[in-house]
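J.: One structure, as structure tokens, below. Some questions next.
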2 protein chains.
Amino acid sequence: MHVSLSPSAGVRWRPLPIPNIRLTRGLWAERQAVNRAVSLPHGRRMLEEWGNFNNLRLAAGQGSGEFRGYVFQDSDIYKWLEAASIELAQGHDPPIEAMVDETISLLAAAQAPDGYLNSHFQVVKPEARWTDLDHAHELYCAGHLIEAAIAHHRATGQTALLNIARRFADHIEALFGPGKRAGACGHPEIELALVELYRETNDPRYVRLAQFFINERGQNKMRGYGSFGAAYHQDRVPVRQATIVEGHAVRQLYLNAGVTDLYLETGEPALLNAMVRLWHDMTARKQYLTGGVGSRAHGEAFGEPYELPSRAAYCETCAAIASMMWNWRLLLATGEACFADALERVLYNGFLSGVALDGQRFFYENPLQSEGDHERQAWYACACCPPNVMRQIGLVGNYLATEEAGGVQVHQYSAAQIETEHAQLAIETNYPWDGEVTLTIEATHGAPWPLSLRVPGWCEGAPLQVNDEAIDQVLTSGAYAVVERAWRAGDHLRLTLPMPPRLTEPHPRVDPLRDCLAIERGPLVYCMEAADQAADIHLADARLSPNTPLRAHWRADVLGGVMTIEAQGQVADVRPWADRLYGPANSSRSPQREATLTAIPYFAWANRAPGPMRVWLPRGG
Amino acid sequence: MHVSLSPSAGVRWRPLPIPNIRLTRGLWAERQAVNRAVSLPHGRRMLEEWGNFNNLRLAAGQGSGEFRGYVFQDSDIYKWLEAASIELAQGHDPPIEAMVDETISLLAAAQAPDGYLNSHFQVVKPEARWTDLDHAHELYCAGHLIEAAIAHHRATGQTALLNIARRFADHIEALFGPGKRAGACGHPEIELALVELYRETNDPRYVRLAQFFINERGQNKMRGYGSFGAAYHQDRVPVRQATIVEGHAVRQLYLNAGVTDLYLETGEPALLNAMVRLWHDMTARKQYLTGGVGSRAHGEAFGEPYELPSRAAYCETCAAIASMMWNWRLLLATGEACFADALERVLYNGFLSGVALDGQRFFYENPLQSEGDHERQAWYACACCPPNVMRQIGLVGNYLATEEAGGVQVHQYSAAQIETEHAQLAIETNYPWDGEVTLTIEATHGAPWPLSLRVPGWCEGAPLQVNDEAIDQVLTSGAYAVVERAWRAGDHLRLTLPMPPRLTEPHPRVDPLRDCLAIERGPLVYCMEAADQAADIHLADARLSPNTPLRAHWRADVLGGVMTIEAQGQVADVRPWADRLYGPANSSRSPQREATLTAIPYFAWANRAPGPMRVWLPRGG
């Protein structure tokens, strides 16, 4: 899922190779350390326990017992392999290398002589290859193999896995395409993988095949499970005519990432126009405050506009990841800060909630409200999310900066070392806990070039100093501040992103959030957990109001160290309602008392004993 | 489902035989005429088209082709047969008699020599009888056969169908019970049927078997489909220990009806105590304003307390019917008006919405909000609801009155002739459109007896006149007004139930209804349909407030004649939110303009071109 663009028609900004951005400390460096030390070995164990590895052994003629799990079981191994490879790109790690090499050998043994590789079909029904594109996930699994192989090649320079993936890709390319077989996969994924394989190999057959698969969609032929219909499979309408995000959220967003990838290579305006239409539909009508998407468990689907229930929210972790993948590609295509803003919202909230602080329990669904009955699990029968989290955590640094011939762009903020063609940069910051960001030019070539720094949309009045002198310029929120000069080693910029806690309200058409408020600070969405409130406060009765005083407190003792927010809110007294559900309309509100409420970052919830949680609280008096 | 009590331990009030209450005109008389003329023949056609009749023919060795549909397909025929029999109880009808007799002949031919009767098992897997009590619905189907047979026997005095049912019941009784086979049906129904069979035959084996099946529950052994667990099958906890309604709503409420029936015969206090606990849990925490229950499509289940989403509401029509069945039995057991109040709420709202005004389209789900995508269907693959509606419509008159040795009780109001042991009564009223009710004693025995009239809980200050003289007594809402005297023929009472339109608000913990109001008038819940509003009003933006003026208008031209309500409300201007879902919390509300809004009775919605509908509207300024 790391993008490495060819010199293409639709590219505005170019991503950096993974090793060129190193997180030096802070929230993401900590998450990456846990990912490497805990999550990856945990994933290896789980993939053994749940039979995924044995499935491959069976395909290789080495295993015993029967194939276990879903038809797409191999894809979990591929995502884990990609995650491990991304870690290897950031540094030598013998235990991870050993796990990776063992897996590659197994895949080599399992691959059929003609290049085909899919343990389900090889073990369970070898005669049925490619007979059920709608449901069987063969091309989906191939896509994840290709992504893993590219990541491994980039990380190690070795070609063993890349060769396996290319043999399978060539097998597919020989079967599908104009004048060959028609069709597309019920679960998009191979499209973006084939575009990236083109970038890695420079072989245009792959991007042409991606284009073919994308063009095959929208014939309203695929039939979802049960009553889901063609939208479930992203087959209701041709991509270029799409006006709304719909159906299975992960499928929609993996497809959109692939379509945007195709635009990045072809520059075809109809593709980008469609993508921008869908992005507005999603962000203005179908996205949770956390950046999560997918309102319905039924069909794992986007809902209707403004259908955003908090407790029943699906918000699959994979959909959050897919949203970041898509936003990243839209940012590369357009250079518009709104996509980096949207990516940041998902990254710190709807995505990061997907993994426990200990790195070995995962959410599949990320609701915005719970009565205490929703907990992370060590693994899932359908385990798409955990290894997807692992590869995404490893990639976070890559989102920090891009470059182009004309300059360098900084999108996300973390303490880091960044190496570009123009310069070596060092960033110091305690972001997201604090909005002070210091960027030092450690080395550069001496010619003038513009440095662009994103001023997040949530931020008001960001002062910028260059070499301790204030820039005489009002920085616009939700845009890039551009400073161009002949930089010298030792030049430093200080960007201050004020992050007072703030209260947010929803669009009036969002029924489930009617008359509710949420707390945010900087890029973080906050929530209330019962664990942090006084014992006599029932979370359902807690209230906020637009003038509720809010105060941020660093609490090193809470959840491994987080910024908490104290709100002077209210608690409603619902005793007058005892044993009644409905009553005569009253002009006055329920009686209330003042109370101190404590909020924590949403991503950190459900890391203590199970208990109620709410992001949105009703307005009080 | 008609109850006819034996002289039993737990009975407070006794229902009347069906022919003793005749609806003379008004809403329910009209619905019954449509039921008889349209719905019953429509049902016959549908049961032919969907294969139910052919399944029976196959079992009888007469059909061709294959068994079609669900394992419980016979039950739809039985419910339709019961509905037809209930109509026959109210008057001779040769076409209906012919349909009924033909069906009984078919059932006689299909019944196995040992009394067993279930077309699915007889045709598809004769070797698998009674091997899957959790899921196979055999006892459930038997229960519906028994209910149909009792209805037919009561209506016609003929024993052909009753004998079929008794042979099957005896077959079951020989198999199950103490010292015989253990177990209970995954879908409760046979319990209430067996108690009624005892009442009809006076054979105590049947009530003992009902008791056995009820006592078998709660061993936490049954496994729901998917992840639903034992609560789905009403097997999580023993009946006498239950504290909450949970799991599949229809199963919970059919069980509760059966348990209350058992209490009516045994008078065992633990049963009634448990039922009253569950009733409070349901009505104070898990019931929609329409009386509908079942918040979740997933598992067709009750939700958590206060989990009452309007649009995603399941509110199965069968659950509304089951709620009435249960409330009726609780009323007979206790004589408490709250159960007649609850029955009335379901009857006029969450139940009556289940059938179109034309009598040939049916809702399975009855949500309280729609974007225009929810329409009634002519039939369903799982067609439990349509024939259930048919038998319920036929029974409405029976809910009007009961008697006991000491007097007569009137619970529901409609123009009707009522014959009791104490007296012949005539009721004149335009209820539910108007609250004037005149009751005339047409004949009586001369000795004093008390006449009880329910004053509905929604009603404030109901004046009562006897022979044109005001009764000097403040009538309590949600209770019975009791007038005892030596009545004479020609005595008349005039009860006035004021029904100004009123605004209702929800318990503050009902998140989806936060800050919303609904309109009610008398027993009717109202809703807004887009069809009745000015073209420039988006229903999602309509607003009410506690002081909104409301005015009732009789509109003969609308929906076959309904009382509409005009509200001087507001419409919010959401244009400032264009392309934004979330924004900084504002102390002031969105800008609004005044607007006239028109509400119609909820039961009549979706009888015109599809369009948005809402019961609950947000509060305006």
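Ligands are numbered from 1 in the order shown, residues from 1 within each chain, and chains are lettered A, B, ... in the order they appear in the structure tokens.
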Would you list which chain A residues are within 7 Å of chain B using only C-alpha atoms, as a compact mmCIF listing (two decimals) with N, CA, C and O atoms, in the first residue's frame?

T.:
```txt
# COMPACT_ATOMS: atom_id res chain seq x y z
N ALA A 284 -19.29 15.04 3.32
CA ALA A 284 -20.35 15.98 3.71
C ALA A 284 -21.63 15.29 4.13
O ALA A 284 -22.55 15.94 4.62
N ARG A 285 -21.71 13.96 3.97
CA ARG A 285 -22.98 13.31 4.27
C ARG A 285 -22.87 11.95 4.95
O ARG A 285 -23.83 11.48 5.54
N LEU A 503 -15.62 22.61 21.10
CA LEU A 503 -16.89 21.88 21.04
C LEU A 503 -17.42 21.89 19.61
O LEU A 503 -17.39 22.92 18.94
N THR A 504 -17.90 20.75 19.18
CA THR A 504 -18.34 20.58 17.79
C THR A 504 -19.80 20.15 17.77
O THR A 504 -20.22 19.38 18.62
N GLU A 505 -20.54 20.65 16.79
CA GLU A 505 -21.93 20.22 16.64
C GLU A 505 -22.13 19.59 15.27
O GLU A 505 -21.36 19.86 14.34
N PRO A 506 -23.15 18.76 15.12
CA PRO A 506 -23.40 18.07 13.84
C PRO A 506 -24.37 18.86 12.95
O PRO A 506 -25.12 19.72 13.44
N HIS A 507 -24.38 18.53 11.69
CA HIS A 507 -25.39 19.03 10.75
C HIS A 507 -26.78 18.70 11.32
O HIS A 507 -27.00 17.60 11.83
N ARG A 509 -29.39 17.70 10.12
CA ARG A 509 -30.11 16.54 9.58
C ARG A 509 -29.59 15.21 10.11
O ARG A 509 -30.13 14.16 9.75
N ASP A 511 -30.00 12.89 12.44
CA ASP A 511 -30.97 12.58 13.50
C ASP A 511 -30.34 12.01 14.76
O ASP A 511 -30.70 12.42 15.86
N PRO A 512 -29.44 11.02 14.65
CA PRO A 512 -28.99 10.38 15.89
C PRO A 512 -28.15 11.32 16.76
O PRO A 512 -27.91 11.02 17.92
N ARG A 514 -28.87 14.62 17.12
CA ARG A 514 -29.65 15.83 17.36
C ARG A 514 -29.32 16.41 18.72
O ARG A 514 -29.34 15.73 19.73
N ASP A 515 -28.98 17.72 18.71
CA ASP A 515 -28.80 18.45 19.96
C ASP A 515 -27.65 17.91 20.79
O ASP A 515 -27.69 17.98 22.01
N LEU A 517 -23.25 17.54 21.38
CA LEU A 517 -21.96 18.19 21.18
C LEU A 517 -20.85 17.17 21.41
O LEU A 517 -21.02 16.24 22.19
N ALA A 540 -25.11 8.30 30.26
CA ALA A 540 -26.22 8.68 29.38
C ALA A 540 -26.83 10.01 29.79
O ALA A 540 -27.52 10.66 28.99
N PRO A 546 -22.67 24.77 24.63
CA PRO A 546 -21.67 25.48 23.82
C PRO A 546 -20.72 26.34 24.67
O PRO A 546 -19.60 26.61 24.26
N TRP A 577 -38.77 10.63 35.29
CA TRP A 577 -39.25 9.77 34.19
C TRP A 577 -39.44 8.32 34.61
O TRP A 577 -39.79 7.48 33.77
N ASP A 579 -40.16 4.76 35.07
CA ASP A 579 -41.19 3.87 34.54
C ASP A 579 -42.07 4.50 33.45
O ASP A 579 -43.16 3.99 33.18
N ARG A 580 -41.63 5.57 32.84
CA ARG A 580 -42.34 6.14 31.69
C ARG A 580 -41.36 6.27 30.55
O ARG A 580 -40.21 6.64 30.75
N LEU A 581 -41.83 6.04 29.34
CA LEU A 581 -40.97 6.23 28.17
C LEU A 581 -41.35 7.51 27.43
O LEU A 581 -40.51 8.13 26.78
N TYR A 582 -42.63 7.88 27.50
CA TYR A 582 -43.13 9.04 26.76
C TYR A 582 -44.01 9.86 27.70
O TYR A 582 -44.64 9.31 28.60
N GLY A 583 -44.07 11.16 27.48
CA GLY A 583 -44.91 12.00 28.32
C GLY A 583 -45.27 13.27 27.60
O GLY A 583 -44.76 13.55 26.50
N PRO A 584 -46.14 14.09 28.20
CA PRO A 584 -46.55 15.34 27.57
C PRO A 584 -45.34 16.25 27.33
O PRO A 584 -44.44 16.32 28.16
N ALA A 585 -45.33 16.91 26.19
CA ALA A 585 -44.21 17.77 25.84
C ALA A 585 -44.07 18.88 26.87
O ALA A 585 -45.05 19.51 27.26
N ASN A 586 -42.87 19.10 27.27
CA ASN A 586 -42.56 20.07 28.32
C ASN A 586 -41.71 21.16 27.72
O ASN A 586 -40.83 20.89 26.91
N SER A 587 -41.95 22.39 28.13
CA SER A 587 -41.12 23.48 27.61
C SER A 587 -39.77 23.53 28.30
O SER A 587 -38.79 24.00 27.75
```

J.: Name the residues of stretch 105-292 of chain A that come out as alpha helix (DSSP H) in a backbone DSSP run; write them as an MDAnalysis selection string.

T.: chainID A and resid 105:110 119:123 138:156 160:175 190:201 204:216 249:266 269:285

J.: Create the file for the chosen residues now, containing C-alpha atoms and written as a tab-separated table (two decimals), in the first residue's frame.

T.:
```tsv
chain	number	residue	atom	x	y	z
A	105	SER	CA	9.55	-20.12	0.86
A	106	LEU	CA	6.14	-21.53	1.69
A	107	LEU	CA	4.48	-19.37	-0.97
A	108	ALA	CA	7.06	-20.47	-3.53
A	109	ALA	CA	6.29	-24.11	-2.72
A	110	ALA	CA	2.53	-23.51	-2.85
A	119	SER	CA	-4.78	-22.07	-1.11
A	120	HIS	CA	-8.59	-22.26	-0.95
A	121	PHE	CA	-9.00	-23.19	-4.57
A	122	GLN	CA	-5.85	-25.29	-4.76
A	123	VAL	CA	-6.88	-27.34	-1.73
A	138	GLU	CA	-9.29	-14.71	-6.02
A	139	LEU	CA	-8.27	-11.41	-7.61
A	140	TYR	CA	-8.55	-9.71	-4.23
A	141	CYS	CA	-6.09	-12.16	-2.71
A	142	ALA	CA	-3.80	-11.76	-5.72
A	143	GLY	CA	-3.84	-8.00	-5.16
A	144	HIS	CA	-2.69	-8.37	-1.59
A	145	LEU	CA	0.06	-10.76	-2.70
A	146	ILE	CA	1.24	-8.17	-5.21
A	147	GLU	CA	1.25	-5.41	-2.59
A	148	ALA	CA	3.21	-7.56	-0.17
A	149	ALA	CA	5.70	-8.46	-2.87
A	150	ILE	CA	6.30	-4.84	-3.85
A	151	ALA	CA	6.80	-3.88	-0.21
A	152	HIS	CA	9.28	-6.71	0.26
A	153	HIS	CA	11.22	-5.81	-2.88
A	154	ARG	CA	11.41	-2.17	-1.88
A	155	ALA	CA	12.47	-3.06	1.65
A	156	THR	CA	15.11	-5.66	0.84
A	160	ALA	CA	11.93	-13.87	-4.48
A	161	LEU	CA	8.45	-12.67	-3.48
A	162	LEU	CA	8.19	-10.19	-6.34
A	163	ASN	CA	8.81	-13.03	-8.78
A	164	ILE	CA	6.03	-15.10	-7.23
A	165	ALA	CA	3.65	-12.15	-7.49
A	166	ARG	CA	4.66	-11.38	-11.07
A	167	ARG	CA	4.17	-14.98	-12.13
A	168	PHE	CA	0.64	-14.84	-10.68
A	169	ALA	CA	0.00	-11.39	-12.18
A	170	ASP	CA	1.19	-12.64	-15.58
A	171	HIS	CA	-1.07	-15.66	-15.26
A	172	ILE	CA	-4.00	-13.33	-14.57
A	173	GLU	CA	-2.99	-10.99	-17.35
A	174	ALA	CA	-2.93	-13.90	-19.78
A	175	LEU	CA	-6.48	-14.80	-18.81
A	190	ILE	CA	-6.24	-5.86	-7.44
A	191	GLU	CA	-6.75	-2.58	-9.32
A	192	LEU	CA	-4.53	-0.52	-7.01
A	193	ALA	CA	-2.06	-3.41	-6.69
A	194	LEU	CA	-1.65	-3.71	-10.47
A	195	VAL	CA	-1.03	0.02	-10.83
A	196	GLU	CA	1.65	-0.18	-8.16
A	197	LEU	CA	3.15	-3.26	-9.85
A	198	TYR	CA	3.42	-1.20	-13.02
A	199	ARG	CA	5.24	1.49	-11.04
A	200	GLU	CA	7.59	-1.10	-9.58
A	201	THR	CA	8.32	-2.99	-12.83
A	204	PRO	CA	2.56	-1.29	-18.86
A	205	ARG	CA	0.56	-4.53	-19.14
A	206	TYR	CA	-0.23	-4.22	-15.45
A	207	VAL	CA	-1.68	-0.72	-15.56
A	208	ARG	CA	-3.66	-1.67	-18.66
A	209	LEU	CA	-5.12	-4.66	-16.80
A	210	ALA	CA	-6.03	-2.41	-13.85
A	211	GLN	CA	-7.80	-0.13	-16.29
A	212	PHE	CA	-9.61	-3.08	-17.80
A	213	PHE	CA	-10.86	-4.30	-14.43
A	214	ILE	CA	-12.02	-0.78	-13.52
A	215	ASN	CA	-13.83	-0.39	-16.84
A	216	GLU	CA	-15.58	-3.73	-16.38
A	249	ALA	CA	-17.58	0.64	2.45
A	250	VAL	CA	-14.23	-1.15	2.18
A	251	ARG	CA	-14.98	-2.26	-1.37
A	252	GLN	CA	-16.01	1.26	-2.36
A	253	LEU	CA	-12.86	2.82	-0.93
A	254	TYR	CA	-10.39	0.20	-2.18
A	255	LEU	CA	-11.92	0.75	-5.60
A	256	ASN	CA	-11.61	4.51	-5.22
A	257	ALA	CA	-7.95	4.14	-4.27
A	258	GLY	CA	-7.40	2.05	-7.41
A	259	VAL	CA	-9.30	4.49	-9.60
A	260	THR	CA	-7.30	7.41	-8.21
A	261	ASP	CA	-4.12	5.41	-8.84
A	262	LEU	CA	-5.22	4.96	-12.43
A	263	TYR	CA	-5.82	8.70	-12.69
A	264	LEU	CA	-2.34	9.34	-11.29
A	265	GLU	CA	-0.92	7.31	-14.21
A	266	THR	CA	-3.31	8.33	-17.00
A	269	PRO	CA	-10.10	13.91	-16.04
A	270	ALA	CA	-13.33	11.86	-15.87
A	271	LEU	CA	-11.71	9.63	-13.26
A	272	LEU	CA	-10.66	12.47	-10.97
A	273	ASN	CA	-13.98	14.26	-11.43
A	274	ALA	CA	-15.84	11.15	-10.31
A	275	MET	CA	-13.52	10.70	-7.34
A	276	VAL	CA	-13.97	14.28	-6.17
A	277	ARG	CA	-17.76	13.92	-6.44
A	278	LEU	CA	-17.66	10.78	-4.30
A	279	TRP	CA	-15.32	12.38	-1.78
A	280	HIS	CA	-17.75	15.26	-1.24
A	281	ASP	CA	-20.64	12.85	-0.88
A	282	MET	CA	-18.69	10.89	1.72
A	283	THR	CA	-17.28	13.72	3.78
A	284	ALA	CA	-20.35	15.98	3.71
A	285	ARG	CA	-22.98	13.31	4.27
```

J.: Please identify all polymer residues within 9 Å of A:Leu400, counting only C-alpha atoms, omitting same-chain residues fewer than 2 positions from it, and present them as a PyMOL selection string.

T.: chain A and resi 21+396-398+402+409-414+416+418

J.: When you count only C-alpha atoms, which of these residues is closest to A:Trp605: A:Pro367, A:Pro498, A:Gly115, A:Pro432?

T.: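 Ranked by minimum distance to A:Trp605, first place goes to A:Pro367.
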